[in-house]
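Peer 1: Structure in structure tokens, see below.
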Amino acid sequence: MYKRQVEYTAFDPEETEQKIYFINTITDYKNYADIVNSTDSSACAKLMADIEWNRNTPQLMNFAGTIDGNNHKITLHGNSLIESAKNGVVIKNLTLDGTVRAENNAAAFIGNIDAAEQGVIIKNCANLANIYSSCNSAAGFVGYVGRNSVLKIKSSYNYGLIISMG
């Protein structure tokens, strides 16, 4: 069975170490998530169009890369974009919409971070998604920030409804 591959090319011809996956469709995103979750947690992505998740869309796990939303929108249905983030994560120019539901650490962008050195940066982003936690920790951007972790949110805003039952 043929499986479409995500386009992989240099983000900046001068920067040979940083590569980027261009995301045009939900299938491209799912292929990218498979790469992040199985072989390259620091893979970078750039959205080239708005995309809408479905219930089977995988979250990014132990993510350590960069996502440039390129002023596009991802509509979530159930899960955060990133389940867990490590050092060096940058999310920029991205709008999230839809709904996130979780027991704990419910948030649109990142469920939890463990990033003590370089930390995590979210900049020029917007959350329009409604967030629901059936127990504890709900937020627009990050559900839980680990001990000694560094989180910087710059020029970003939340308009989503946040509800936590805990």
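We label chains A, B, ... in the order they appear in the structure tokens, count residues from 1 in each chain, and number ligands from 1 in the order shown.
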Considering only C-alpha atoms, return as a PyMOL selection string whatever protein or nucleic-acid residues lie within 10 Å of Asn79 of chain A, sequence-local ones (same chain, fewer than 4 positions apart) excluded.

Peer 2: chain A and resi 53-59+83+98-102+106-111+131

Peer 1: Would you kindly return, as a PyMOL selection string, each protein, DNA or RNA residue with an atom no farther than 9 Å from any atom of segment 137-154 of chain A, considering only C-alpha atoms and excluding same-chain residues fewer than 5 positions away?

Peer 2: chain A and resi 87+102-132+159-164+166

Peer 1: Please compute the atom CA of Ile74 of chain A-atom CA of Leu60 of chain A distance, one decimal, in Å.

Peer 2: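 Going from atom CA of Ile74 of chain A over to atom CA of Leu60 of chain A, I get 13.8 Å.
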
Peer 1: How many Å separate atom CA of Asp97 of chain A from atom CA of Ser156 of chain A?

Peer 2: 14.0 Å

Peer 1: Mind pulling up the distance from atom CA of Tyr157 of chain A to atom CA of Ile35 of chain A?

Peer 2: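 Those two atoms sit 29.5 Å apart.
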
Peer 1: From a backbone DSSP assignment, name each residue in chain A labelled alpha helix (DSSP H), as a PyMOL selection string.

Peer 2: chain A and resi 26-38
